[in-house]
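Visitor: Sending over a structure as structure tokens; questions will come in a sec.
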Amino acid sequence: MGFGVMDRTHVMSKNQAAAVFYNSIYHNAVDEKRRVQIPSKWRPLEEDFQFTLILWPKSGAKQEYILALPPEPLGALVEKLKAMPYSDPKADSLRRLLGKNSDQVTVDKAGRIMLPEGMSKGAGITRQAVLIGSWDRFEIWSPDRYEAASQVDDALASEAFKLI
């Protein structure tokens, strides 16, 4: 029976649903309004659910992608930012960079989110997007940039697996 991961629709109690895990890879179209479909197993059960999108820098030039954070990992990030000293110019710079390169998006009734124009442009996303699950969050990539990042991931795989 594998690792015993429960389906997200399994109800643990009357008001408490099981956690959603973002895993797998999806290739989805981006429509003319920059909307992209969220995989059905990743969609929140709550209406008006918001993800925070951040244009995230990957090492190397022009490797930005969009990081999608649900509320819990966003809260952890905000706590880290709040814990950084306000007298540290690097911390101030980081807070500003993340603030100006982020936005909240609401999942619509069709299970889509709209990518902000500046973010989609910065990440190189036009007509297609690659959604990569990263357990408690997911990433949205342009196909070309994801291909390049995937090659780096493959090269680092043997060392990366030593972390667990």
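Chain labels run A, B, ... following the order of the structure tokens; each chain numbers its residues from 1, and ligands are numbered from 1 in the order shown.
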Fewer than 5 positions away in the same chain doesn't count, so skip those; otherwise give me all residues within 8 Å of Trp42 of chain A, counting only C-alpha atoms, as a list in words.

Guide: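 These residues fall inside the cut-off: Val20, Phe21 and Tyr22 of chain A.
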
Visitor: Show me, as an MDAnalysis selection string, the residues that have an atom within 12 Å of segment 150-153 of chain A when counting only C-alpha atoms, minus same-chain residues fewer than 6 positions from it.

Guide: chainID A and resid 25 58:60 63 130 132 141:144 159:161

Visitor: Taking only C-alpha atoms into account, name the residue in A:Ala129, A:Gly99, A:Gly111, A:Gly124 that is nearest to Glu64 of chain A.

Guide: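 So, comparing all the options, the nearest one is A:Gly124.
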
Visitor: Write out as a PyMOL selection string all residues of segment 24-151 of chain A that DSSP puts in strand (DSSP E) for this structure's backbone.

Guide: chain A and resi 25-29+35-37+50-56+65-69+102-106+112-114+128-133+138-141

Visitor: Quick one: pick out all alpha helix (DSSP H) residues within segment 52-97 of chain A from a backbone DSSP run and write them as a PyMOL selection string.

Guide: chain A and resi 71-83+89-97

Visitor: Quote the spacing between atom CA of Lys41 of chain A and atom CA of Tyr26 of chain A in Å to one decimal place.

Guide: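 That distance, rounded to one decimal, is 11.5 Å.
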
Visitor: Give me the residues within 12 Å of Leu94 of chain A as a CSV table (one decimal) with all heavy atoms, in the first residue's frame, counting only C-alpha atoms and dropping any in the same chain fewer than 3 places off.

Guide:
```csv
chain,number,residue,atom,x,y,z
A,56,TRP,N,10.6,33.8,-8.7
A,56,TRP,CA,11.7,33.2,-7.9
A,56,TRP,C,12.9,33.1,-8.8
A,56,TRP,O,12.8,32.5,-9.8
A,56,TRP,CB,11.2,31.9,-7.3
A,56,TRP,CG,12.1,31.5,-6.1
A,56,TRP,CD1,13.1,30.6,-6.1
A,56,TRP,CD2,11.9,31.9,-4.8
A,56,TRP,NE1,13.6,30.5,-4.9
A,56,TRP,CE2,12.9,31.3,-4.0
A,56,TRP,CE3,11.0,32.8,-4.2
A,56,TRP,CZ2,13.0,31.5,-2.7
A,56,TRP,CZ3,11.2,33.0,-2.8
A,56,TRP,CH2,12.2,32.3,-2.1
A,57,PRO,N,14.0,33.5,-8.3
A,57,PRO,CA,15.3,33.4,-9.0
A,57,PRO,C,15.9,32.0,-8.9
A,57,PRO,O,16.0,31.5,-7.8
A,57,PRO,CB,16.2,34.5,-8.5
A,57,PRO,CG,15.7,34.6,-7.0
A,57,PRO,CD,14.2,34.3,-7.1
A,77,LEU,N,7.5,31.4,5.5
A,77,LEU,CA,8.4,32.4,4.8
A,77,LEU,C,8.3,33.8,5.5
A,77,LEU,O,9.3,34.4,5.8
A,77,LEU,CB,8.1,32.5,3.3
A,77,LEU,CG,8.8,33.5,2.5
A,77,LEU,CD1,10.3,33.3,2.6
A,77,LEU,CD2,8.3,33.6,1.1
A,78,VAL,N,7.1,34.2,5.7
A,78,VAL,CA,6.9,35.5,6.3
A,78,VAL,C,7.5,35.5,7.7
A,78,VAL,O,8.1,36.5,8.1
A,78,VAL,CB,5.4,35.9,6.4
A,78,VAL,CG1,5.1,37.1,7.3
A,78,VAL,CG2,4.8,36.1,5.0
A,80,LYS,N,10.1,33.9,8.7
A,80,LYS,CA,11.6,34.0,8.5
A,80,LYS,C,11.9,35.5,8.1
A,80,LYS,O,12.9,36.0,8.6
A,80,LYS,CB,12.0,33.1,7.4
A,80,LYS,CG,12.1,31.7,7.7
A,80,LYS,CD,12.6,30.8,6.6
A,80,LYS,CE,12.7,29.4,6.9
A,80,LYS,NZ,13.2,28.5,5.8
A,81,LEU,N,11.1,36.1,7.3
A,81,LEU,CA,11.4,37.5,6.9
A,81,LEU,C,11.3,38.4,8.1
A,81,LEU,O,12.1,39.3,8.3
A,81,LEU,CB,10.5,37.9,5.8
A,81,LEU,CG,10.7,37.2,4.4
A,81,LEU,CD1,9.6,37.6,3.5
A,81,LEU,CD2,12.0,37.5,3.9
A,82,LYS,N,10.3,38.2,9.0
A,82,LYS,CA,10.1,39.0,10.1
A,82,LYS,C,11.2,38.9,11.1
A,82,LYS,O,11.5,39.8,11.9
A,82,LYS,CB,8.7,38.7,10.8
A,82,LYS,CG,7.5,39.2,10.0
A,82,LYS,CD,6.2,38.8,10.5
A,82,LYS,CE,5.9,38.6,11.9
A,82,LYS,NZ,4.6,38.2,12.3
A,84,MET,N,14.3,38.4,10.5
A,84,MET,CA,15.5,39.0,10.0
A,84,MET,C,15.6,40.5,10.6
A,84,MET,O,14.6,41.2,10.6
A,84,MET,CB,15.6,39.1,8.5
A,84,MET,CG,15.7,37.7,7.9
A,84,MET,SD,15.6,37.9,6.1
A,84,MET,CE,15.7,36.2,5.6
A,85,PRO,N,16.8,40.9,11.0
A,85,PRO,CA,16.9,42.2,11.5
A,85,PRO,C,16.6,43.3,10.5
A,85,PRO,O,17.1,43.3,9.4
A,85,PRO,CB,18.4,42.3,12.0
A,85,PRO,CG,19.1,41.2,11.3
A,85,PRO,CD,18.1,40.2,11.0
A,86,TYR,N,15.9,44.3,10.9
A,86,TYR,CA,15.5,45.4,10.0
A,86,TYR,C,16.7,46.3,9.8
A,86,TYR,O,16.7,47.2,8.9
A,86,TYR,CB,14.3,46.2,10.6
A,86,TYR,CG,13.0,45.4,10.3
A,86,TYR,CD1,12.6,44.4,11.1
A,86,TYR,CD2,12.3,45.7,9.1
A,86,TYR,CE1,11.4,43.7,10.9
A,86,TYR,CE2,11.2,44.9,8.8
A,86,TYR,CZ,10.7,44.0,9.7
A,86,TYR,OH,9.6,43.3,9.4
A,88,ASP,N,19.6,45.1,8.9
A,88,ASP,CA,20.5,44.4,7.9
A,88,ASP,C,20.0,44.9,6.5
A,88,ASP,O,18.9,44.6,6.1
A,88,ASP,CB,20.3,42.9,8.1
A,88,ASP,CG,21.2,42.1,7.2
A,88,ASP,OD1,21.7,42.7,6.2
A,88,ASP,OD2,21.4,40.9,7.5
A,89,PRO,N,20.9,45.5,5.8
A,89,PRO,CA,20.5,46.0,4.4
A,89,PRO,C,20.2,44.8,3.5
A,89,PRO,O,19.3,45.0,2.6
A,89,PRO,CB,21.7,46.8,3.9
A,89,PRO,CG,22.8,46.6,4.9
A,89,PRO,CD,22.2,46.0,6.1
A,90,LYS,N,20.8,43.7,3.6
A,90,LYS,CA,20.5,42.5,2.8
A,90,LYS,C,19.1,42.0,3.1
A,90,LYS,O,18.4,41.6,2.2
A,90,LYS,CB,21.5,41.4,3.0
A,90,LYS,CG,22.9,41.7,2.3
A,90,LYS,CD,23.8,40.6,2.4
A,90,LYS,CE,24.4,40.5,3.8
A,90,LYS,NZ,25.5,39.5,3.9
A,91,ALA,N,18.7,42.0,4.4
A,91,ALA,CA,17.4,41.5,4.8
A,91,ALA,C,16.3,42.5,4.2
A,91,ALA,O,15.3,42.1,3.7
A,91,ALA,CB,17.3,41.4,6.3
A,97,LEU,N,12.5,42.9,-2.5
A,97,LEU,CA,12.5,42.0,-3.7
A,97,LEU,C,11.3,41.1,-3.7
A,97,LEU,O,10.6,40.9,-4.7
A,97,LEU,CB,13.8,41.3,-3.8
A,97,LEU,CG,15.0,42.1,-4.3
A,97,LEU,CD1,16.3,41.4,-4.1
A,97,LEU,CD2,14.8,42.6,-5.7
A,98,LEU,N,11.1,40.4,-2.6
A,98,LEU,CA,10.0,39.4,-2.5
A,98,LEU,C,8.7,40.2,-2.5
A,98,LEU,O,7.7,39.7,-3.2
A,98,LEU,CB,10.1,38.6,-1.2
A,98,LEU,CG,11.3,37.6,-1.3
A,98,LEU,CD1,11.3,36.8,0.1
A,98,LEU,CD2,11.1,36.6,-2.4
A,99,GLY,N,8.6,41.3,-1.9
A,99,GLY,CA,7.3,42.1,-1.9
A,99,GLY,C,7.0,42.6,-3.3
A,99,GLY,O,5.8,42.4,-3.7
A,100,LYS,N,7.9,43.1,-4.0
A,100,LYS,CA,7.5,43.6,-5.3
A,100,LYS,C,7.4,42.6,-6.4
A,100,LYS,O,6.8,42.8,-7.4
A,100,LYS,CB,8.6,44.7,-5.8
A,100,LYS,CG,9.9,44.2,-6.3
A,100,LYS,CD,10.8,45.3,-6.8
A,100,LYS,CE,12.0,44.7,-7.5
A,100,LYS,NZ,12.9,45.8,-8.0
A,101,ASN,N,7.9,41.4,-6.2
A,101,ASN,CA,7.8,40.3,-7.1
A,101,ASN,C,6.9,39.2,-6.7
A,101,ASN,O,7.0,38.0,-7.0
A,101,ASN,CB,9.2,39.7,-7.4
A,101,ASN,CG,10.1,40.6,-8.1
A,101,ASN,OD1,9.8,41.1,-9.2
A,101,ASN,ND2,11.3,40.9,-7.6
```

Visitor: Name the closest residue to Glu47 of chain A among the candidates A:Lys33, A:Arg137, A:Lys109, A:Arg145; distances are taken between atoms, counting only C-alpha atoms.

Guide: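 Nearest to Glu47 of chain A: A:Lys109.
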
Visitor: Give the answer as one residue: which of A:Ala76, A:Val105, A:Leu131, A:Ala110 has the shortest atom-to-atom distance to Ala29 of chain A, using only C-alpha atoms?

Guide: A:Leu131

Visitor: Between atom CA of Pro73 of chain A and atom CA of Ser134 of chain A, what is the distance, to one decimal in Å?

Guide: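 Atom-to-atom, atom CA of Pro73 of chain A to atom CA of Ser134 of chain A, that is 11.4 Å.
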
Visitor: Separation of atom CA of His27 of chain A and atom CA of Ile140 of chain A, in Å?

Guide: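 According to the coordinates, atom CA of His27 of chain A and atom CA of Ile140 of chain A are separated by 9.7 Å.
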
Visitor: Select, from A:Ala123, A:Ala149, A:Ile164, A:Ala19, the residue with the minimum atom-to-atom distance to Pro70 of chain A, counting only C-alpha atoms.

Guide: A:Ala19

Visitor: Using only C-alpha atoms, determine which residues lie at most 8 Å from Ile38 of chain A, disregarding the query and same-chain residues fewer than 2 positions distant; provide the list as a ChimeraX atom specification.

Guide: /A:36,40,42-43,111-113

Visitor: May I have the selected residues written with N, CA, C and O atoms, as a tab-separated table (two decimals), in the first residue's frame?

Guide:
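Resulting contents of part-v9.tsv:
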```
chain	number	residue	atom	x	y	z
A	36	VAL	N	-3.98	29.66	-16.14
A	36	VAL	CA	-3.47	28.29	-16.25
A	36	VAL	C	-4.28	27.41	-15.30
A	36	VAL	O	-4.64	27.82	-14.19
A	40	SER	N	-6.43	18.99	-10.87
A	40	SER	CA	-7.58	18.79	-9.98
A	40	SER	C	-7.16	18.28	-8.61
A	40	SER	O	-7.74	18.69	-7.61
A	42	TRP	N	-4.63	19.07	-6.99
A	42	TRP	CA	-3.97	20.16	-6.26
A	42	TRP	C	-4.95	21.26	-5.86
A	42	TRP	O	-4.59	22.15	-5.10
A	43	ARG	N	-6.14	21.21	-6.36
A	43	ARG	CA	-7.09	22.30	-6.11
A	43	ARG	C	-7.60	22.28	-4.68
A	43	ARG	O	-7.94	21.23	-4.15
A	111	GLY	N	-11.03	26.19	-11.64
A	111	GLY	CA	-9.76	25.63	-11.17
A	111	GLY	C	-8.54	26.27	-11.80
A	111	GLY	O	-7.48	25.66	-11.86
A	112	ARG	N	-8.66	27.53	-12.22
A	112	ARG	CA	-7.55	28.23	-12.86
A	112	ARG	C	-7.07	29.38	-11.99
A	112	ARG	O	-7.82	29.91	-11.17
A	113	ILE	N	-5.82	29.74	-12.20
A	113	ILE	CA	-5.28	30.97	-11.63
A	113	ILE	C	-4.78	31.84	-12.78
A	113	ILE	O	-4.38	31.33	-13.83
```
